[in-house]
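Asker: Please find data.txt (compact mmCIF, C-alpha atoms and all ligand atoms) on the next line:
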```
# COMPACT_ATOMS: atom_id res chain seq x y z
CA MET A 172 -9.71 -14.50 -73.95
CA THR A 173 -8.70 -12.11 -71.19
CA GLN A 174 -11.61 -10.43 -69.55
CA THR A 175 -11.07 -6.96 -68.17
CA LEU A 176 -13.31 -4.54 -66.42
CA THR A 177 -12.55 -0.84 -66.04
CA LEU A 178 -14.32 1.14 -63.34
CA ARG A 179 -14.16 4.67 -62.09
CA ARG A 180 -11.77 4.57 -59.13
CA PRO A 181 -13.82 3.21 -56.21
CA ASP A 182 -14.51 4.91 -52.87
CA ASP A 183 -15.02 3.29 -49.49
CA TRP A 184 -17.95 4.88 -47.68
CA HIS A 185 -17.11 3.30 -44.30
CA LEU A 186 -13.54 2.66 -43.18
CA HIS A 187 -11.55 2.32 -39.95
CA LEU A 188 -7.96 3.50 -40.25
CA ARG A 189 -7.11 3.74 -36.52
CA ASP A 190 -4.07 5.82 -35.58
CA GLY A 191 -0.31 5.62 -35.05
CA ALA A 192 1.46 2.43 -36.15
CA MET A 193 -1.78 0.71 -37.19
CA LEU A 194 -2.76 3.69 -39.40
CA GLN A 195 0.70 3.60 -40.97
CA GLY A 196 0.33 -0.12 -41.65
CA VAL A 197 -3.19 -0.26 -43.07
CA LEU A 198 -3.53 3.04 -44.95
CA PRO A 199 -1.51 1.91 -48.01
CA GLU A 200 -3.87 -1.06 -48.42
CA THR A 201 -6.82 1.30 -48.93
CA ALA A 202 -4.97 4.07 -50.77
CA ARG A 203 -3.81 1.57 -53.41
CA HIS A 204 -7.33 1.05 -54.80
CA PHE A 205 -9.66 3.70 -53.38
CA GLY A 206 -9.91 7.39 -54.21
CA ARG A 207 -11.74 8.46 -51.05
CA ALA A 208 -13.03 6.94 -47.85
CA ILE A 209 -15.33 8.00 -45.06
CA ILE A 210 -13.10 7.73 -42.01
CA MET A 211 -14.72 6.39 -38.86
CA PRO A 212 -14.10 8.50 -35.75
CA ASN A 213 -14.08 5.74 -33.09
CA LEU A 214 -10.52 6.32 -31.93
CA VAL A 215 -9.55 6.29 -28.27
CA PRO A 216 -10.48 9.00 -27.36
CA PRO A 217 -13.06 9.50 -30.12
CA VAL A 218 -12.94 12.29 -32.71
CA VAL A 219 -15.72 14.50 -31.37
CA THR A 220 -14.72 18.06 -32.27
CA GLY A 221 -13.80 19.82 -35.49
CA ALA A 222 -10.32 20.47 -34.07
CA GLN A 223 -9.82 16.74 -33.39
CA ALA A 224 -11.00 15.85 -36.90
CA ALA A 225 -8.60 18.37 -38.43
CA ALA A 226 -5.68 16.93 -36.45
CA TYR A 227 -6.64 13.35 -37.36
CA ARG A 228 -6.90 14.31 -41.02
CA GLU A 229 -3.36 15.69 -40.88
CA ARG A 230 -2.07 12.45 -39.33
CA ILE A 231 -3.73 10.46 -42.14
CA LEU A 232 -2.28 12.70 -44.86
CA THR A 233 1.17 12.41 -43.27
CA ALA A 234 0.91 8.60 -43.21
CA LEU A 235 -0.01 8.38 -46.92
CA PRO A 236 2.56 6.72 -49.17
CA GLU A 237 4.37 9.05 -51.58
CA GLY A 238 2.25 9.81 -54.67
CA ALA A 239 -0.94 8.22 -53.34
CA ASP A 240 -4.21 9.44 -54.87
CA PHE A 241 -6.41 9.27 -51.77
CA THR A 242 -8.59 11.76 -49.91
CA PRO A 243 -9.86 11.01 -46.39
CA LEU A 244 -13.41 12.24 -45.82
CA MET A 245 -13.65 13.03 -42.14
CA THR A 246 -16.50 12.43 -39.71
CA LEU A 247 -17.34 13.52 -36.18
CA TYR A 248 -18.38 11.12 -33.46
CA LEU A 249 -21.78 12.21 -32.15
CA THR A 250 -22.16 12.46 -28.38
CA GLU A 251 -24.96 13.81 -26.23
CA ASP A 252 -22.78 16.90 -25.68
CA THR A 253 -21.96 17.59 -29.33
CA ASP A 254 -22.29 21.30 -30.10
CA PRO A 255 -24.42 21.96 -33.21
CA ALA A 256 -22.37 25.10 -33.94
CA ASP A 257 -19.08 23.15 -33.95
CA VAL A 258 -20.59 20.60 -36.33
CA ALA A 259 -21.90 23.34 -38.63
CA ALA A 260 -18.52 25.12 -38.65
CA ALA A 261 -16.65 21.87 -39.44
CA HIS A 262 -19.06 21.25 -42.31
CA ALA A 263 -18.94 24.81 -43.64
CA SER A 264 -15.13 24.73 -43.78
CA GLY A 265 -15.23 21.52 -45.82
CA LEU A 266 -13.52 19.55 -43.07
CA ILE A 267 -16.22 16.94 -42.44
CA THR A 268 -18.46 14.96 -44.77
CA ALA A 269 -20.69 13.23 -42.22
CA VAL A 270 -21.43 12.68 -38.54
CA LYS A 271 -21.40 9.20 -37.02
CA LEU A 272 -23.99 7.96 -34.55
CA TYR A 273 -23.04 5.05 -32.32
CA PRO A 274 -25.62 3.92 -29.79
CA ALA A 275 -23.60 3.81 -26.55
CA GLY A 276 -22.02 0.39 -26.08
CA ALA A 277 -22.99 -0.96 -29.51
CA THR A 278 -19.47 -1.77 -30.69
CA THR A 279 -15.72 -1.07 -30.49
CA ASN A 280 -15.00 2.23 -28.71
CA SER A 281 -18.62 3.31 -28.57
CA ALA A 282 -18.80 4.10 -24.85
CA SER A 283 -19.17 7.84 -25.59
CA GLY A 284 -22.08 7.20 -27.95
CA VAL A 285 -25.72 8.11 -27.52
CA THR A 286 -28.10 6.71 -24.91
CA ASP A 287 -30.80 9.38 -24.86
CA PHE A 288 -31.71 10.15 -28.47
CA ASP A 289 -33.72 13.24 -27.44
CA ARG A 290 -30.47 14.90 -26.43
CA ILE A 291 -29.13 14.87 -30.00
CA ARG A 292 -32.23 16.46 -31.53
CA PRO A 293 -30.69 19.96 -31.88
CA VAL A 294 -27.64 18.55 -33.73
CA LEU A 295 -29.84 16.49 -36.03
CA GLU A 296 -32.01 19.53 -36.79
CA LYS A 297 -28.91 21.53 -37.65
CA MET A 298 -27.59 18.72 -39.86
CA ALA A 299 -30.89 18.50 -41.72
CA GLN A 300 -30.76 22.26 -42.29
CA ILE A 301 -27.23 22.25 -43.71
CA GLY A 302 -27.53 18.96 -45.62
CA LEU A 303 -24.93 17.05 -43.59
CA PRO A 304 -25.49 13.26 -43.63
CA LEU A 305 -25.77 11.12 -40.50
CA CYS A 306 -24.06 7.71 -40.64
CA VAL A 307 -25.77 5.31 -38.26
CA HIS A 308 -24.56 2.16 -36.56
CA GLY A 309 -27.99 0.56 -36.51
CA GLU A 310 -28.14 -1.77 -33.53
CA VAL A 311 -29.94 -1.46 -30.22
CA THR A 312 -27.83 -2.21 -27.19
CA ASN A 313 -30.58 -3.36 -24.84
CA PRO A 314 -29.22 -6.54 -23.22
CA THR A 315 -32.61 -8.23 -23.50
CA VAL A 316 -32.54 -8.01 -27.30
CA ASP A 317 -30.89 -10.97 -29.01
CA ILE A 318 -27.73 -9.96 -30.88
CA PHE A 319 -29.13 -11.36 -34.16
CA ASP A 320 -32.26 -9.15 -33.81
CA ARG A 321 -30.54 -5.92 -32.88
CA GLU A 322 -30.59 -4.36 -36.35
CA ALA A 323 -34.26 -5.08 -37.04
CA VAL A 324 -35.28 -3.80 -33.60
CA PHE A 325 -33.18 -0.66 -34.08
CA ILE A 326 -35.02 0.16 -37.29
CA ASP A 327 -38.41 -0.02 -35.55
CA ARG A 328 -37.58 1.52 -32.22
CA VAL A 329 -34.92 4.10 -33.04
CA LEU A 330 -34.25 4.77 -36.70
CA ASP A 331 -37.77 5.10 -38.03
CA PRO A 332 -38.92 7.45 -35.22
CA LEU A 333 -35.71 9.48 -35.60
CA ARG A 334 -36.18 9.87 -39.36
CA ARG A 335 -39.86 10.79 -38.96
CA ALA A 336 -38.94 13.45 -36.41
CA THR A 337 -36.30 14.97 -38.73
CA PRO A 338 -37.61 14.38 -42.25
CA GLY A 339 -34.95 16.48 -44.01
CA LEU A 340 -32.07 14.53 -42.49
CA LYS A 341 -29.94 12.46 -44.87
CA VAL A 342 -29.19 9.12 -43.24
CA VAL A 343 -26.86 6.28 -44.18
CA MET A 344 -27.62 2.96 -42.52
CA GLU A 345 -24.11 1.66 -42.16
CA HIS A 346 -23.17 -1.95 -42.87
CA ILE A 347 -26.67 -3.40 -43.15
CA THR A 348 -26.80 -7.12 -42.43
CA THR A 349 -30.46 -8.06 -42.79
CA ALA A 350 -33.31 -8.32 -45.26
CA ASP A 351 -35.12 -5.97 -42.83
CA GLY A 352 -32.44 -3.34 -43.50
CA VAL A 353 -32.76 -3.81 -47.25
CA ASP A 354 -36.56 -3.58 -47.08
CA TYR A 355 -36.45 -0.48 -44.93
CA VAL A 356 -34.13 1.33 -47.33
CA GLN A 357 -36.26 0.32 -50.30
CA SER A 358 -39.45 1.47 -48.61
CA ALA A 359 -38.14 4.94 -47.79
CA ASN A 360 -38.88 7.82 -50.10
CA GLY A 361 -35.65 9.74 -50.24
CA ASN A 362 -32.88 10.76 -47.88
CA LEU A 363 -31.94 7.19 -46.96
CA GLY A 364 -29.07 5.09 -48.26
CA ALA A 365 -27.15 2.10 -46.94
CA THR A 366 -23.64 0.80 -47.09
CA ILE A 367 -22.97 -2.91 -47.47
CA THR A 368 -19.65 -4.49 -46.55
CA THR A 369 -17.71 -6.96 -48.66
CA HIS A 370 -17.74 -9.61 -45.95
CA HIS A 371 -21.50 -9.45 -45.34
CA LEU A 372 -21.98 -10.29 -49.02
CA ILE A 373 -19.88 -13.42 -48.52
CA ILE A 374 -20.30 -14.88 -45.05
CA ASN A 375 -23.27 -15.87 -42.96
CA ARG A 376 -23.29 -16.83 -39.29
CA ASN A 377 -22.33 -20.42 -40.05
CA HIS A 378 -18.96 -19.20 -41.25
CA ILE A 379 -18.31 -17.82 -37.78
CA LEU A 380 -19.54 -20.75 -35.75
CA VAL A 381 -19.59 -24.05 -37.62
CA GLY A 382 -16.60 -26.36 -37.20
CA GLY A 383 -14.95 -24.16 -34.58
CA ILE A 384 -15.17 -20.49 -33.74
CA LYS A 385 -13.57 -18.21 -36.35
CA PRO A 386 -12.65 -14.95 -34.69
CA HIS A 387 -11.59 -13.28 -37.93
CA TYR A 388 -15.19 -13.51 -39.19
CA TYR A 389 -16.57 -11.85 -36.06
CA CYS A 390 -17.70 -8.28 -36.58
CA LEU A 391 -20.57 -6.04 -35.62
CA PRO A 392 -23.28 -6.11 -36.69
CA VAL A 393 -22.65 -9.84 -36.62
CA ALA A 394 -23.32 -11.77 -39.85
CA LYS A 395 -26.85 -13.20 -39.88
CA ARG A 396 -28.44 -16.30 -41.42
CA GLU A 397 -28.05 -17.14 -45.12
CA ALA A 398 -31.38 -15.64 -46.24
CA HIS A 399 -30.15 -12.25 -45.06
CA ARG A 400 -26.85 -12.59 -46.92
CA VAL A 401 -28.81 -13.42 -50.07
CA ALA A 402 -30.95 -10.29 -49.60
CA LEU A 403 -27.79 -8.20 -49.29
CA VAL A 404 -26.31 -9.68 -52.47
CA ARG A 405 -29.57 -8.94 -54.29
CA ALA A 406 -29.55 -5.35 -53.10
CA ALA A 407 -25.87 -4.75 -53.91
CA THR A 408 -26.13 -6.25 -57.39
CA SER A 409 -29.54 -4.76 -58.21
CA GLY A 410 -28.25 -1.44 -59.51
CA ASP A 411 -30.38 0.39 -56.92
CA ALA A 412 -28.40 3.57 -56.21
CA ARG A 413 -29.41 3.60 -52.55
CA PHE A 414 -26.92 0.79 -51.86
CA PHE A 415 -23.17 1.37 -52.01
CA LEU A 416 -19.89 -0.03 -50.75
CA GLY A 417 -18.66 0.64 -47.26
CA THR A 418 -16.11 -2.04 -46.44
CA ASP A 419 -16.09 -1.42 -42.67
CA SER A 420 -12.53 -2.73 -42.95
CA ALA A 421 -11.66 -2.65 -39.25
CA PRO A 422 -8.17 -3.84 -38.35
CA HIS A 423 -7.31 -5.33 -34.98
CA ALA A 424 -3.97 -6.97 -34.29
CA ASP A 425 -4.33 -10.75 -34.26
CA PRO A 426 -3.86 -11.26 -30.49
CA ALA A 427 -6.86 -8.97 -29.90
CA LYS A 428 -9.00 -11.09 -32.24
CA GLU A 429 -7.71 -14.53 -31.25
CA SER A 430 -8.70 -14.16 -27.64
CA ALA A 431 -11.22 -15.40 -25.09
CA CYS A 432 -12.99 -12.07 -25.65
CA GLY A 433 -12.06 -11.16 -29.20
CA CYS A 434 -12.61 -7.74 -30.79
CA ALA A 435 -15.20 -7.22 -33.52
CA GLY A 436 -13.87 -6.29 -36.94
CA VAL A 437 -12.97 -7.76 -40.32
CA PHE A 438 -9.97 -6.39 -42.20
CA SER A 439 -10.71 -6.48 -45.94
CA ALA A 440 -9.06 -3.41 -47.47
CA SER A 441 -6.46 -5.33 -49.49
CA ASN A 442 -8.65 -7.83 -51.32
CA THR A 443 -12.07 -6.15 -51.30
CA LEU A 444 -12.15 -5.42 -55.04
CA SER A 445 -11.17 -8.97 -55.99
CA CYS A 446 -13.86 -10.29 -53.63
CA LEU A 447 -16.55 -7.96 -54.96
CA ALA A 448 -15.75 -8.71 -58.60
CA GLU A 449 -16.10 -12.43 -57.81
CA VAL A 450 -19.47 -11.89 -56.09
CA PHE A 451 -20.82 -9.73 -58.92
CA ASP A 452 -19.43 -12.10 -61.58
CA VAL A 453 -21.20 -15.10 -60.03
CA GLN A 454 -24.42 -13.06 -60.09
CA ASN A 455 -23.86 -12.07 -63.74
CA ALA A 456 -23.89 -8.49 -62.56
CA LEU A 457 -20.41 -7.23 -63.43
CA ASP A 458 -22.05 -4.36 -65.31
CA ARG A 459 -23.41 -3.15 -61.94
CA LEU A 460 -20.15 -3.31 -60.00
CA GLU A 461 -19.11 0.22 -60.89
CA GLY A 462 -22.39 1.64 -59.60
CA PHE A 463 -21.88 -0.09 -56.26
CA THR A 464 -18.19 0.74 -55.81
CA SER A 465 -17.81 4.08 -57.58
CA LEU A 466 -21.04 5.90 -58.51
CA HIS A 467 -23.87 5.44 -56.00
CA GLY A 468 -21.87 6.64 -53.00
CA PRO A 469 -20.72 9.92 -54.53
CA ALA A 470 -24.26 10.55 -55.82
CA PHE A 471 -25.69 10.08 -52.32
CA TYR A 472 -23.10 12.38 -50.77
CA GLY A 473 -23.48 14.97 -53.55
CA LEU A 474 -19.89 14.53 -54.76
CA PRO A 475 -18.60 13.90 -58.28
CA PRO A 476 -17.32 10.39 -59.04
CA ASN A 477 -13.55 10.03 -59.26
CA ASP A 478 -11.96 10.87 -62.62
CA ALA A 479 -9.29 8.17 -62.36
CA THR A 480 -10.09 4.57 -63.25
CA LEU A 481 -9.17 1.13 -61.99
CA THR A 482 -8.95 -2.00 -64.13
CA LEU A 483 -9.64 -5.56 -63.02
CA THR A 484 -8.47 -8.55 -65.04
CA LYS A 485 -9.84 -12.08 -64.82
CA GLY A 486 -7.47 -15.03 -64.88
CA ALA A 487 -5.87 -17.69 -62.68
CA PRO A 488 -6.73 -17.23 -59.01
CA VAL A 489 -4.95 -14.31 -57.37
CA THR A 490 -3.44 -14.80 -53.95
CA TYR A 491 -3.16 -12.29 -51.17
CA PRO A 492 -1.03 -12.61 -48.05
CA ALA A 493 -2.95 -14.20 -45.18
CA LYS A 494 -1.95 -11.29 -42.98
CA ILE A 495 -0.24 -7.96 -43.24
CA ASP A 496 2.44 -6.85 -40.82
CA THR A 497 1.94 -3.52 -39.15
CA GLY A 498 3.94 -1.77 -36.48
CA ALA A 499 1.00 -2.56 -34.21
CA GLY A 500 1.22 -6.30 -34.92
CA PRO A 501 0.00 -8.72 -37.60
CA VAL A 502 -3.50 -8.19 -39.00
CA THR A 503 -5.28 -11.11 -40.67
CA LEU A 504 -6.86 -10.36 -44.03
CA PHE A 505 -10.45 -11.41 -44.75
CA ASP A 506 -10.55 -14.92 -46.26
CA PRO A 507 -13.56 -15.20 -48.60
CA GLY A 508 -13.23 -18.98 -48.59
CA PHE A 509 -13.27 -19.31 -52.40
CA PRO A 510 -10.77 -18.56 -55.18
CA LEU A 511 -10.58 -15.00 -56.44
CA HIS A 512 -10.17 -14.73 -60.20
CA TRP A 513 -10.15 -10.95 -60.57
CA ARG A 514 -7.01 -8.98 -59.85
CA VAL A 515 -6.55 -5.24 -59.88
CA SER A 516 -4.24 -4.81 -62.86
CA SER A 517 -4.00 -1.02 -63.07
O1 LIG B 601 -16.93 -5.05 -36.45
C1 LIG B 601 -16.84 -3.87 -36.19
N1 LIG B 601 -15.65 -3.29 -35.92
N2 LIG B 601 -17.94 -3.12 -36.15
C2 LIG B 601 -17.93 -1.86 -35.75
O2 LIG B 601 -18.97 -1.25 -35.73
C3 LIG B 601 -16.68 -1.24 -35.27
C4 LIG B 601 -15.52 -1.88 -35.83
C5 LIG B 601 -14.22 -1.50 -35.14
O3 LIG B 601 -14.01 -0.33 -34.89
O4 LIG B 601 -13.42 -2.40 -34.88
ZN ZN B 602 -17.40 0.40 -38.73
```
In structure tokens, what does this structure look like?
Ligand code: DOR
Ligand code: ZN

Answerer:
Amino acid sequence: MTQTLTLRRPDDWHLHLRDGAMLQGVLPETARHFGRAIIMPNLVPPVVTGAQAAAYRERILTALPEGADFTPLMTLYLTEDTDPADVAAAHASGLITAVKLYPAGATTNSASGVTDFDRIRPVLEKMAQIGLPLCVHGEVTNPTVDIFDREAVFIDRVLDPLRRATPGLKVVMEHITTADGVDYVQSANGNLGATITTHHLIINRNHILVGGIKPHYYCLPVAKREAHRVALVRAATSGDARFFLGTDSAPHADPAKESACGCAGVFSASNTLSCLAEVFDVQNALDRLEGFTSLHGPAFYGLPPNDATLTLTKGAPVTYPAKIDTGAGPVTLFDPGFPLHWRVSS
């Protein structure tokens, strides 16, 4: 018997589209399955002003395939010089949906991020006042902190104090990778959600390092030990509305990944829904997939779910190309390492 599953059209609450030829190459992969996505602002140079976000939005809309049903939800890149009035104006006009906080040096193109968190207090106060969410890359950058501990230390040293100082601020912990992240979200009373990526539900640090180094599994925050992956799967499949999908699909051309100093980022836009259906199926939680992909995110952001639907069908394993070709070079697609039985059928 054919098994099908119909969901409200999913959204991606954390996505990197880049610009130029790469944008042109990867955007159709997301627009095929997703209704909306929160667009990360870490371009070179970063999207820091409302005017830059408006121009970037236009470039995305221009790159969309004919007839696509996709809305980019724009963000601003928070710097120590961000003007609270510019942020408020961009929000009031409907241009931006969130502001992104990168600790300086934490990841790809984060050099303009924040070092002194006191300097962003006025912007955070303004955001709390107007109900504009802050998306946080939750890792400390202190070189003495082990890379596998950076998320847990960030929660204690930065995120918790920041949230206590601005209690009305809505915060999304982006791409959580640890049981500590899950626990922190579950212990909060309101105003805190978290995105979880597809790949962090599937790989642990062994996948990156055992049997040879696998650059296409390297991303930030880096995947942690198995117990953390299990905690993430539990959270994602629990039905708890504080957890929702943010793929963090982050394309880099293969030569930039397959290098002595490879870039961080996993590209998963094309096969994310097949991967997630497999993960939820194995957990006997297919009835909770729609919440994770299509309902919890809009509820957190105060938006209606999409009206359109998407149907997945279970059958013989579906194959995806190992890489997609873009004008900026080939980009390797995330390999879950197991067969995918669910295909997007309509
Ligand atoms: O792996 C990652 N890649 N993590 C990030 O935080 C940034 C992203 C990128 O832009 O490539
Ligand atoms: Zn990201």

Asker: Report as JSON lines the residues of chain A within 6 Å of ligand LIG 601 (chain B), each with its shortest atom pair and distance in Å (one decimal), using all atoms listed in the file, ordered by chain and increasing residue number.

Answerer:
```
{"residue": "A:Thr278", "atom": "CA", "partner": "B:LIG601", "partner_atom": "O2", "distance": 5.1}
{"residue": "A:Thr279", "atom": "CA", "partner": "B:LIG601", "partner_atom": "O3", "distance": 4.8}
{"residue": "A:Cys390", "atom": "CA", "partner": "B:LIG601", "partner_atom": "O1", "distance": 3.3}
{"residue": "A:Leu391", "atom": "CA", "partner": "B:LIG601", "partner_atom": "O1", "distance": 3.9}
{"residue": "A:Ala421", "atom": "CA", "partner": "B:LIG601", "partner_atom": "O4", "distance": 4.7}
{"residue": "A:Ala435", "atom": "CA", "partner": "B:LIG601", "partner_atom": "O1", "distance": 4.0}
{"residue": "A:Gly436", "atom": "CA", "partner": "B:LIG601", "partner_atom": "O1", "distance": 3.3}
```

Asker: Which one of A:Thr246, A:Asn360, A:Thr286, A:Thr490 sits closest to His262 in chain A if you count all atoms listed in the file?

Answerer: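 The answer is A:Thr246, which sits nearest to His262 in chain A.
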
Asker: Given all atoms listed in the file as the basis, pick out the residue of A:Leu481, A:Val218, A:Ala424, A:Ala259 nearest to Leu444 in chain A.

Answerer: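 Of A:Leu481, A:Val218, A:Ala424, A:Ala259, the one nearest Leu444 in chain A is A:Leu481, counting all atoms listed in the file.
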
Asker: Go through chain A and flag each residue having an atom no more than 10 Å from ligand ZN 602 (chain B); for those, report the closest pair of atoms plus their distance in Å to one decimal, using all atoms listed in the file, ordered by chain and rising number, as a tab-separated table.

Answerer:
```
residue	atom	partner	partner_atom	distance
A:His185	CA	B:ZN602	ZN	6.3
A:Leu186	CA	B:ZN602	ZN	6.3
A:His187	CA	B:ZN602	ZN	6.3
A:Ile210	CA	B:ZN602	ZN	9.1
A:Met211	CA	B:ZN602	ZN	6.6
A:Pro212	CA	B:ZN602	ZN	9.2
A:Asn213	CA	B:ZN602	ZN	8.4
A:Lys271	CA	B:ZN602	ZN	9.8
A:Tyr273	CA	B:ZN602	ZN	9.7
A:Thr278	CA	B:ZN602	ZN	8.6
A:Thr279	CA	B:ZN602	ZN	8.5
A:Val307	CA	B:ZN602	ZN	9.7
A:His308	CA	B:ZN602	ZN	7.7
A:Glu345	CA	B:ZN602	ZN	7.6
A:His346	CA	B:ZN602	ZN	7.5
A:Thr368	CA	B:ZN602	ZN	9.5
A:Cys390	CA	B:ZN602	ZN	8.9
A:Leu391	CA	B:ZN602	ZN	7.8
A:Pro392	CA	B:ZN602	ZN	9.0
A:Gly417	CA	B:ZN602	ZN	8.6
A:Thr418	CA	B:ZN602	ZN	8.2
A:Asp419	CA	B:ZN602	ZN	4.5
A:Ser420	CA	B:ZN602	ZN	7.2
A:Ala421	CA	B:ZN602	ZN	6.5
A:Ala435	CA	B:ZN602	ZN	9.5
A:Gly436	CA	B:ZN602	ZN	7.8
A:Val437	CA	B:ZN602	ZN	9.4
```

Asker: Ranking A:Gly309, A:Pro314, A:Gly352, A:Pro422 by minimum distance to Leu403 in chain A and counting all atoms listed in the file, which one comes first?

Answerer: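 Using all atoms listed in the file, the shortest distance to Leu403 in chain A belongs to A:Gly352.
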
Asker: To one decimal in Å, tell me the separation between CA of Pro255 in chain A and CA of Lys297 in chain A.

Answerer: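 CA of Lys297 in chain A lies 6.3 Å from CA of Pro255 in chain A.
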
Asker: List the spatial neighbours of Thr408 in chain A as a list in words - criterion: any atom at most 8 Å away, all atoms listed in the file, same-chain residues fewer than 6 positions off excluded.

Answerer: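 In the requested format, the answer is Phe451, Gln454, Ala456, Arg459, Leu460 and Phe463 of chain A.
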
Asker: Name the residues in contact with Lys428 in chain A at a cut-off of 10 Å, using only C-alpha atoms, excluding same-chain residues fewer than 3 positions from it; report them as number ranges by chain.

Answerer: A: 385-389, 422-425, 431-437, 502-503

Asker: Quick one, how far is CA of Ala487 in chain A from CA of Asn375 in chain A?

Answerer: 26.4 Å

Asker: Using the incomplete input, complete range 312-331 of chain A to the level of N, CA and C atoms; output as a PDB file, keeping the file's coordinate frame.

Answerer:
```pdb
ATOM      1  N   THR A 312     -28.812  -1.638 -28.120  1.00  0.00           N
ATOM      2  CA  THR A 312     -27.830  -2.210 -27.190  1.00  0.00           C
ATOM      3  C   THR A 312     -28.512  -2.830 -25.977  1.00  0.00           C
ATOM      4  N   ASN A 313     -29.834  -2.797 -25.961  1.00  0.00           N
ATOM      5  CA  ASN A 313     -30.580  -3.360 -24.840  1.00  0.00           C
ATOM      6  C   ASN A 313     -30.208  -4.833 -24.639  1.00  0.00           C
ATOM      7  N   PRO A 314     -29.717  -5.170 -23.437  1.00  0.00           N
ATOM      8  CA  PRO A 314     -29.220  -6.540 -23.220  1.00  0.00           C
ATOM      9  C   PRO A 314     -30.302  -7.605 -23.385  1.00  0.00           C
ATOM     10  N   THR A 315     -31.562  -7.226 -23.339  1.00  0.00           N
ATOM     11  CA  THR A 315     -32.610  -8.230 -23.500  1.00  0.00           C
ATOM     12  C   THR A 315     -32.880  -8.545 -24.972  1.00  0.00           C
ATOM     13  N   VAL A 316     -32.309  -7.758 -25.874  1.00  0.00           N
ATOM     14  CA  VAL A 316     -32.540  -8.010 -27.300  1.00  0.00           C
ATOM     15  C   VAL A 316     -31.432  -8.916 -27.845  1.00  0.00           C
ATOM     16  N   ASP A 317     -31.838 -10.011 -28.446  1.00  0.00           N
ATOM     17  CA  ASP A 317     -30.890 -10.970 -29.010  1.00  0.00           C
ATOM     18  C   ASP A 317     -29.975 -10.283 -30.027  1.00  0.00           C
ATOM     19  N   ILE A 318     -28.709 -10.643 -30.013  1.00  0.00           N
ATOM     20  CA  ILE A 318     -27.730  -9.960 -30.880  1.00  0.00           C
ATOM     21  C   ILE A 318     -28.100 -10.088 -32.370  1.00  0.00           C
ATOM     22  N   PHE A 319     -28.759 -11.182 -32.741  1.00  0.00           N
ATOM     23  CA  PHE A 319     -29.130 -11.360 -34.160  1.00  0.00           C
ATOM     24  C   PHE A 319     -30.360 -10.514 -34.533  1.00  0.00           C
ATOM     25  N   ASP A 320     -31.058  -9.964 -33.543  1.00  0.00           N
ATOM     26  CA  ASP A 320     -32.260  -9.150 -33.810  1.00  0.00           C
ATOM     27  C   ASP A 320     -31.992  -7.655 -33.676  1.00  0.00           C
ATOM     28  N   ARG A 321     -30.771  -7.307 -33.297  1.00  0.00           N
ATOM     29  CA  ARG A 321     -30.540  -5.920 -32.880  1.00  0.00           C
ATOM     30  C   ARG A 321     -30.695  -4.898 -34.004  1.00  0.00           C
ATOM     31  N   GLU A 322     -30.421  -5.296 -35.225  1.00  0.00           N
ATOM     32  CA  GLU A 322     -30.590  -4.360 -36.350  1.00  0.00           C
ATOM     33  C   GLU A 322     -32.073  -4.132 -36.634  1.00  0.00           C
ATOM     34  N   ALA A 323     -32.825  -5.216 -36.721  1.00  0.00           N
ATOM     35  CA  ALA A 323     -34.260  -5.080 -37.040  1.00  0.00           C
ATOM     36  C   ALA A 323     -34.978  -4.283 -35.954  1.00  0.00           C
ATOM     37  N   VAL A 324     -34.624  -4.528 -34.697  1.00  0.00           N
ATOM     38  CA  VAL A 324     -35.280  -3.800 -33.600  1.00  0.00           C
ATOM     39  C   VAL A 324     -34.881  -2.324 -33.637  1.00  0.00           C
ATOM     40  N   PHE A 325     -33.640  -2.051 -33.991  1.00  0.00           N
ATOM     41  CA  PHE A 325     -33.180  -0.660 -34.080  1.00  0.00           C
ATOM     42  C   PHE A 325     -33.995   0.113 -35.119  1.00  0.00           C
ATOM     43  N   ILE A 326     -34.264  -0.528 -36.228  1.00  0.00           N
ATOM     44  CA  ILE A 326     -35.020   0.160 -37.290  1.00  0.00           C
ATOM     45  C   ILE A 326     -36.382   0.594 -36.740  1.00  0.00           C
ATOM     46  N   ASP A 327     -37.061  -0.322 -36.065  1.00  0.00           N
ATOM     47  CA  ASP A 327     -38.410  -0.020 -35.550  1.00  0.00           C
ATOM     48  C   ASP A 327     -38.400   0.979 -34.410  1.00  0.00           C
ATOM     49  N   ARG A 328     -37.493   0.740 -33.462  1.00  0.00           N
ATOM     50  CA  ARG A 328     -37.580   1.520 -32.220  1.00  0.00           C
ATOM     51  C   ARG A 328     -36.821   2.832 -32.267  1.00  0.00           C
ATOM     52  N   VAL A 329     -35.771   2.904 -33.062  1.00  0.00           N
ATOM     53  CA  VAL A 329     -34.920   4.100 -33.040  1.00  0.00           C
ATOM     54  C   VAL A 329     -34.894   4.821 -34.395  1.00  0.00           C
ATOM     55  N   LEU A 330     -34.528   4.096 -35.427  1.00  0.00           N
ATOM     56  CA  LEU A 330     -34.250   4.770 -36.700  1.00  0.00           C
ATOM     57  C   LEU A 330     -35.508   5.360 -37.337  1.00  0.00           C
ATOM     58  N   ASP A 331     -36.571   4.583 -37.373  1.00  0.00           N
ATOM     59  CA  ASP A 331     -37.770   5.100 -38.030  1.00  0.00           C
ATOM     60  C   ASP A 331     -38.328   6.321 -37.286  1.00  0.00           C
TER      61      ASP A 331
END
```
